[in-house]
Amino acid sequence: MILRGEITLYEVMNVSRSASQQDIERAYRTAQISYEKDSLAHYTLINEEQRKKTLLEIKEAYKVLSDPEKRREYDLSISKPKSEIYHNSYFRNSTEKLYIEAGDKGITKIFKSIKGMFSSGRSKKSDP
Amino acid sequence: MNPKQTRSNPVVSERQNRTRTIWAVGGGKGGTGKSFVTANLALCLSKKNKEVTLIDADLGGANLHTFLGMRKSDLDIGDFLTKKVPTLKDVAVPTQYNKLRLVKGSDHLLFTANLNYFKKLKLLRHIKTFDSDVIIIDIGTGSTYNSIDFFLLSNPGILVVNPEPTSIENAYYFLKSCIIRLLKLYIDHYQIQDLIKKVTEQINDNSRSVYSFLSEVISQDKYYADLLFRALKKFRPGLIINKARDEKDFVLGESISNVVQKILVINLDYLGAIPFNEVVHKSVKNLTPVMDKYPESDVGKAILSIASRLTEKKS
């Protein structure tokens, strides 16, 4: 799962962990239609290379999840607990002071601190 | 306790504080049928005995009144914004339909197309004072901050898209603009400066998907990846395909929802497709909504079904 730092085959196929075989079949069919070369669904959103790669990932995921034995093995492999979820401190230094400042001052104050939520109405199209 | 856990989710909490159900209908391109859908959804709900207020915030292209058979003669939203009247309620007029009232849009392009901070806040505050069951805002075309902010703060924002490349292109541009706006809000708030440039450069110029952007954040700091991921998942717009003509058009909505969930990492709820039908043209010409004259048509039935899904989604 993305929250634990990895993308599961379930997410690749846009189905839940408890999806039935029928759900997986349906998701696979939907994905095949969605990522067809002439499908409007991905128009301008991904390029040809990304489209092929996505379709390939979905096919690989389907191979595992549509086979009950392979799926069982896969489920076991991803159910192992993950350690050190917060092991990396890439942004930690720059934001440490904020945690102290935030405290329990309430959402109103925090929301007010958001820059630009209702800033001037210039067009997004003018942005780079 | 991890100090990060004390921080609240700003946008979500703001939503929870709201007491009104506000839908915002948008979608980037002009002519997709946003005002048509807005007017007919509103009439559909009022027929179900719901109190509905319609707000025409299609700044510069307002014609919601025409879809309801009204002329542009009364006060409009511009009169409120220029302080000719003290409250937004003063410019809300009854329609010929029971339980349905309308705040007409304004022609005063110069001051409405670019609402400043205070006017936008004031407008939002006044919108929330309507004691209606549902408030529907027609936010019009384009991807201005005005339309994006109203779309983000509504529940849900509703995209009206035609099964055509131009419409889909603009809808994706609008959705990406919303996502960038949302990510920037969080990144600004949490002062994750390193990410701001990346969001702007990589997602905006299409060189990377939101998905691959988040994947990189995961490898750097899982807490922030989690935070941004959750923020995106709370943004859950709806999708209506309008003017569907063939079988492919009717399944397109599900495909778009599927692709968006994967590539843009947000859940886009497909609400249904409205078939292309001449009754729409007839009803517009006759200044009478489809839900009034042709509720039994396939268009009327599709709108009824969408209204039911939206009210279910709300509850």
# chains A, B, ... in the order shown; residues from 1 in each chain; ligands from 1
>>> residues_around(residues="segment 278-282 of chain B", least_positions_apart="6", cutoff="12 Å", atoms="only C-alpha atoms", output="MDAnalysis selection string")
chainID B and resid 33 36:37 40 67 242:243 245 288:300 303
>>> select_by_dssp(residues="segment 188-257 of chain B", states="strand (DSSP E)", output="list in words")
Gly238, Leu239, Ile240, Ile241, Asn242, Lys243 and Ala244 of chain B
>>> residues_around(residues="Ile58 of chain A", least_positions_apart="6", cutoff="12 Å", atoms="only C-alpha atoms", output="list in words")
Thr8, Leu9, Tyr10, Glu11, Val12, Met13, Asn14, Val15, Ile24, Glu25, Ala27, Tyr28, Arg29, Thr30, Ala31, Gln32, Ser34, Tyr35, Arg51, Lys52, Val64, Leu65 and Ser66 of chain A; Val259 and Lys262 of chain B
>>> atom_distance(atom1="atom CA of Ala307 of chain B", atom2="atom CA of Ala42 of chain B")
8.7 Å
>>> residues_around(residues="Gly31 of chain B", least_positions_apart="2", cutoff="12 Å", atoms="only C-alpha atoms", output="number ranges by chain")
B: 26-29, 33-37, 61, 63, 140-142, 160-162, 164, 166-167, 170, 242-243
>>> select_by_dssp(residues="segment 41-246 of chain B", states="alpha helix (DSSP H)", output="PyMOL selection string")
chain B and resi 41-47+64-67+77-81+109-112+117-127+145-153+165-189+193-198+210-220+222-234
>>> write_last_selection(atoms="C-alpha atoms", output="mmCIF file, in the first residue's frame")
data_model
loop_
_atom_site.group_PDB
_atom_site.id
_atom_site.type_symbol
_atom_site.label_atom_id
_atom_site.label_comp_id
_atom_site.auth_asym_id
_atom_site.auth_seq_id
_atom_site.Cartn_x
_atom_site.Cartn_y
_atom_site.Cartn_z
ATOM 1 C CA LEU B 41 -30.374 18.819 -11.149
ATOM 2 C CA ALA B 42 -31.745 21.694 -9.079
ATOM 3 C CA LEU B 43 -35.242 21.290 -10.483
ATOM 4 C CA CYS B 44 -35.046 17.549 -9.942
ATOM 5 C CA LEU B 45 -34.226 18.049 -6.246
ATOM 6 C CA SER B 46 -36.869 20.710 -5.733
ATOM 7 C CA LYS B 47 -39.421 18.318 -7.169
ATOM 8 C CA LEU B 64 -28.426 29.901 -15.700
ATOM 9 C CA HIS B 65 -31.530 32.095 -15.534
ATOM 10 C CA THR B 66 -32.254 31.358 -19.203
ATOM 11 C CA PHE B 67 -32.263 27.623 -18.553
ATOM 12 C CA ILE B 77 -24.575 38.593 -7.849
ATOM 13 C CA GLY B 78 -22.702 41.663 -9.101
ATOM 14 C CA ASP B 79 -25.020 43.922 -7.107
ATOM 15 C CA PHE B 80 -23.990 42.083 -3.978
ATOM 16 C CA LEU B 81 -20.297 42.173 -4.835
ATOM 17 C CA LEU B 109 -16.826 40.867 -16.022
ATOM 18 C CA LEU B 110 -14.213 43.283 -14.814
ATOM 19 C CA PHE B 111 -14.880 42.868 -11.149
ATOM 20 C CA THR B 112 -16.287 39.358 -11.008
ATOM 21 C CA TYR B 117 -9.362 37.497 -1.352
ATOM 22 C CA PHE B 118 -11.916 39.412 0.682
ATOM 23 C CA LYS B 119 -14.702 39.294 -1.888
ATOM 24 C CA LYS B 120 -14.230 35.560 -2.285
ATOM 25 C CA LEU B 121 -14.385 35.004 1.476
ATOM 26 C CA LYS B 122 -17.398 37.276 1.747
ATOM 27 C CA LEU B 123 -19.176 35.458 -1.057
ATOM 28 C CA LEU B 124 -18.462 32.080 0.511
ATOM 29 C CA ARG B 125 -19.651 33.284 3.914
ATOM 30 C CA HIS B 126 -22.892 34.558 2.424
ATOM 31 C CA ILE B 127 -23.432 31.383 0.385
ATOM 32 C CA TYR B 145 -8.438 30.307 -8.823
ATOM 33 C CA ASN B 146 -12.065 31.342 -8.335
ATOM 34 C CA SER B 147 -13.467 28.212 -9.897
ATOM 35 C CA ILE B 148 -10.789 25.940 -8.419
ATOM 36 C CA ASP B 149 -11.364 27.194 -4.875
ATOM 37 C CA PHE B 150 -15.133 26.834 -5.075
ATOM 38 C CA PHE B 151 -14.668 23.389 -6.589
ATOM 39 C CA LEU B 152 -12.280 22.290 -3.819
ATOM 40 C CA LEU B 153 -14.503 23.549 -1.018
ATOM 41 C CA PRO B 165 -10.942 14.981 -26.812
ATOM 42 C CA THR B 166 -11.185 18.755 -26.300
ATOM 43 C CA SER B 167 -13.551 18.444 -23.382
ATOM 44 C CA ILE B 168 -11.508 15.682 -21.753
ATOM 45 C CA GLU B 169 -8.286 17.610 -22.230
ATOM 46 C CA ASN B 170 -9.756 20.655 -20.487
ATOM 47 C CA ALA B 171 -11.271 18.542 -17.713
ATOM 48 C CA TYR B 172 -7.882 16.961 -16.993
ATOM 49 C CA TYR B 173 -6.262 20.376 -17.026
ATOM 50 C CA PHE B 174 -8.857 21.565 -14.524
ATOM 51 C CA LEU B 175 -8.417 18.489 -12.296
ATOM 52 C CA LYS B 176 -4.639 18.844 -12.353
ATOM 53 C CA SER B 177 -4.985 22.524 -11.485
ATOM 54 C CA CYS B 178 -7.149 21.538 -8.508
ATOM 55 C CA ILE B 179 -4.617 18.899 -7.439
ATOM 56 C CA ILE B 180 -1.680 21.283 -7.726
ATOM 57 C CA ARG B 181 -3.622 23.907 -5.774
ATOM 58 C CA LEU B 182 -4.408 21.357 -3.062
ATOM 59 C CA LEU B 183 -0.856 20.000 -2.880
ATOM 60 C CA LYS B 184 0.558 23.526 -2.753
ATOM 61 C CA LEU B 185 -1.772 24.413 0.111
ATOM 62 C CA TYR B 186 -0.469 21.512 2.142
ATOM 63 C CA ILE B 187 3.135 21.961 1.078
ATOM 64 C CA ASP B 188 2.973 25.681 1.883
ATOM 65 C CA HIS B 189 1.306 25.012 5.189
ATOM 66 C CA GLN B 193 9.733 24.062 0.338
ATOM 67 C CA ASP B 194 11.702 21.425 -1.532
ATOM 68 C CA LEU B 195 8.513 20.087 -3.023
ATOM 69 C CA ILE B 196 6.898 23.279 -4.261
ATOM 70 C CA LYS B 197 9.123 23.604 -7.296
ATOM 71 C CA LYS B 198 8.712 19.946 -8.133
ATOM 72 C CA VAL B 210 0.885 12.763 -9.551
ATOM 73 C CA TYR B 211 1.411 9.068 -8.892
ATOM 74 C CA SER B 212 5.117 9.112 -9.730
ATOM 75 C CA PHE B 213 5.540 12.410 -7.876
ATOM 76 C CA LEU B 214 4.124 10.825 -4.714
ATOM 77 C CA SER B 215 6.238 7.723 -5.238
ATOM 78 C CA GLU B 216 9.325 9.905 -5.059
ATOM 79 C CA VAL B 217 8.081 11.612 -1.901
ATOM 80 C CA ILE B 218 7.590 8.173 -0.342
ATOM 81 C CA SER B 219 11.238 7.354 -0.881
ATOM 82 C CA GLN B 220 12.205 10.605 0.857
ATOM 83 C CA LYS B 222 6.842 8.629 4.244
ATOM 84 C CA TYR B 223 5.081 10.941 6.660
ATOM 85 C CA TYR B 224 4.653 13.654 4.070
ATOM 86 C CA ALA B 225 3.794 11.134 1.389
ATOM 87 C CA ASP B 226 1.067 9.824 3.669
ATOM 88 C CA LEU B 227 -0.160 13.347 4.393
ATOM 89 C CA LEU B 228 -0.327 14.390 0.733
ATOM 90 C CA PHE B 229 -1.840 11.068 -0.266
ATOM 91 C CA ARG B 230 -4.614 11.452 2.306
ATOM 92 C CA ALA B 231 -5.229 15.050 1.229
ATOM 93 C CA LEU B 232 -5.724 13.874 -2.352
ATOM 94 C CA LYS B 233 -8.001 11.048 -1.301
ATOM 95 C CA LYS B 234 -10.256 13.482 0.555
#
>>> atom_distance(atom1="atom CA of Leu252 of chain B", atom2="atom CA of Pro237 of chain B")
16.4 Å
>>> residues_around(residues="Val134 of chain B", least_positions_apart="3", cutoff="8 Å", atoms="only C-alpha atoms", output="ChimeraX atom specification")
/B:20-23,50-53
>>> closest_residue(among="B:Pro86, B:Gly238, B:Gly69, B:Gly253", to="chain A", atoms="only C-alpha atoms")
B:Gly253
>>> residues_around(residues="Glu254 of chain B", least_positions_apart="3", cutoff="9 Å", atoms="only C-alpha atoms", output="list in words")
Thr30, Ser34 and Ala41 of chain A; Phe250, Val251, Ser257, Asn258, Val259, Asp269, Tyr270 and Gly272 of chain B
>>> write_last_selection(atoms="N, CA, C and O atoms", output="CSV table (one decimal), in the first residue's frame")
chain,number,residue,atom,x,y,z
A,30,THR,N,-12.1,-3.5,-17.4
A,30,THR,CA,-12.2,-2.0,-17.4
A,30,THR,C,-10.8,-1.4,-17.8
A,30,THR,O,-10.7,-0.4,-18.6
A,34,SER,N,-9.8,1.0,-20.8
A,34,SER,CA,-9.4,2.4,-20.4
A,34,SER,C,-8.1,2.7,-21.1
A,34,SER,O,-7.8,3.9,-21.4
A,41,ALA,N,-10.0,8.0,-22.5
A,41,ALA,CA,-9.9,8.1,-21.1
A,41,ALA,C,-8.5,8.6,-20.6
A,41,ALA,O,-8.4,9.2,-19.6
B,250,PHE,N,-20.9,5.7,-23.2
B,250,PHE,CA,-21.6,5.4,-22.0
B,250,PHE,C,-20.6,4.7,-21.0
B,250,PHE,O,-20.8,4.7,-19.8
B,251,VAL,N,-19.6,4.0,-21.6
B,251,VAL,CA,-18.6,3.3,-20.7
B,251,VAL,C,-17.4,4.2,-20.4
B,251,VAL,O,-16.5,3.9,-19.6
B,257,SER,N,-12.7,7.5,-14.7
B,257,SER,CA,-12.6,7.3,-13.3
B,257,SER,C,-11.5,6.4,-13.0
B,257,SER,O,-10.7,6.6,-12.0
B,258,ASN,N,-11.4,5.3,-13.7
B,258,ASN,CA,-10.3,4.3,-13.5
B,258,ASN,C,-8.9,4.9,-13.8
B,258,ASN,O,-8.0,4.7,-12.9
B,259,VAL,N,-8.8,5.6,-14.8
B,259,VAL,CA,-7.5,6.2,-15.2
B,259,VAL,C,-7.1,7.3,-14.2
B,259,VAL,O,-5.9,7.4,-13.7
B,269,ASP,N,-15.7,10.0,-8.7
B,269,ASP,CA,-16.9,9.2,-8.7
B,269,ASP,C,-17.7,9.4,-10.0
B,269,ASP,O,-18.2,10.5,-10.2
B,270,TYR,N,-17.8,8.3,-10.7
B,270,TYR,CA,-18.6,8.4,-11.9
B,270,TYR,C,-20.1,8.4,-11.5
B,270,TYR,O,-20.6,7.4,-11.0
B,272,GLY,N,-22.7,9.1,-13.8
B,272,GLY,CA,-23.6,8.7,-14.8
B,272,GLY,C,-23.5,9.5,-16.1
B,272,GLY,O,-22.8,10.5,-16.2
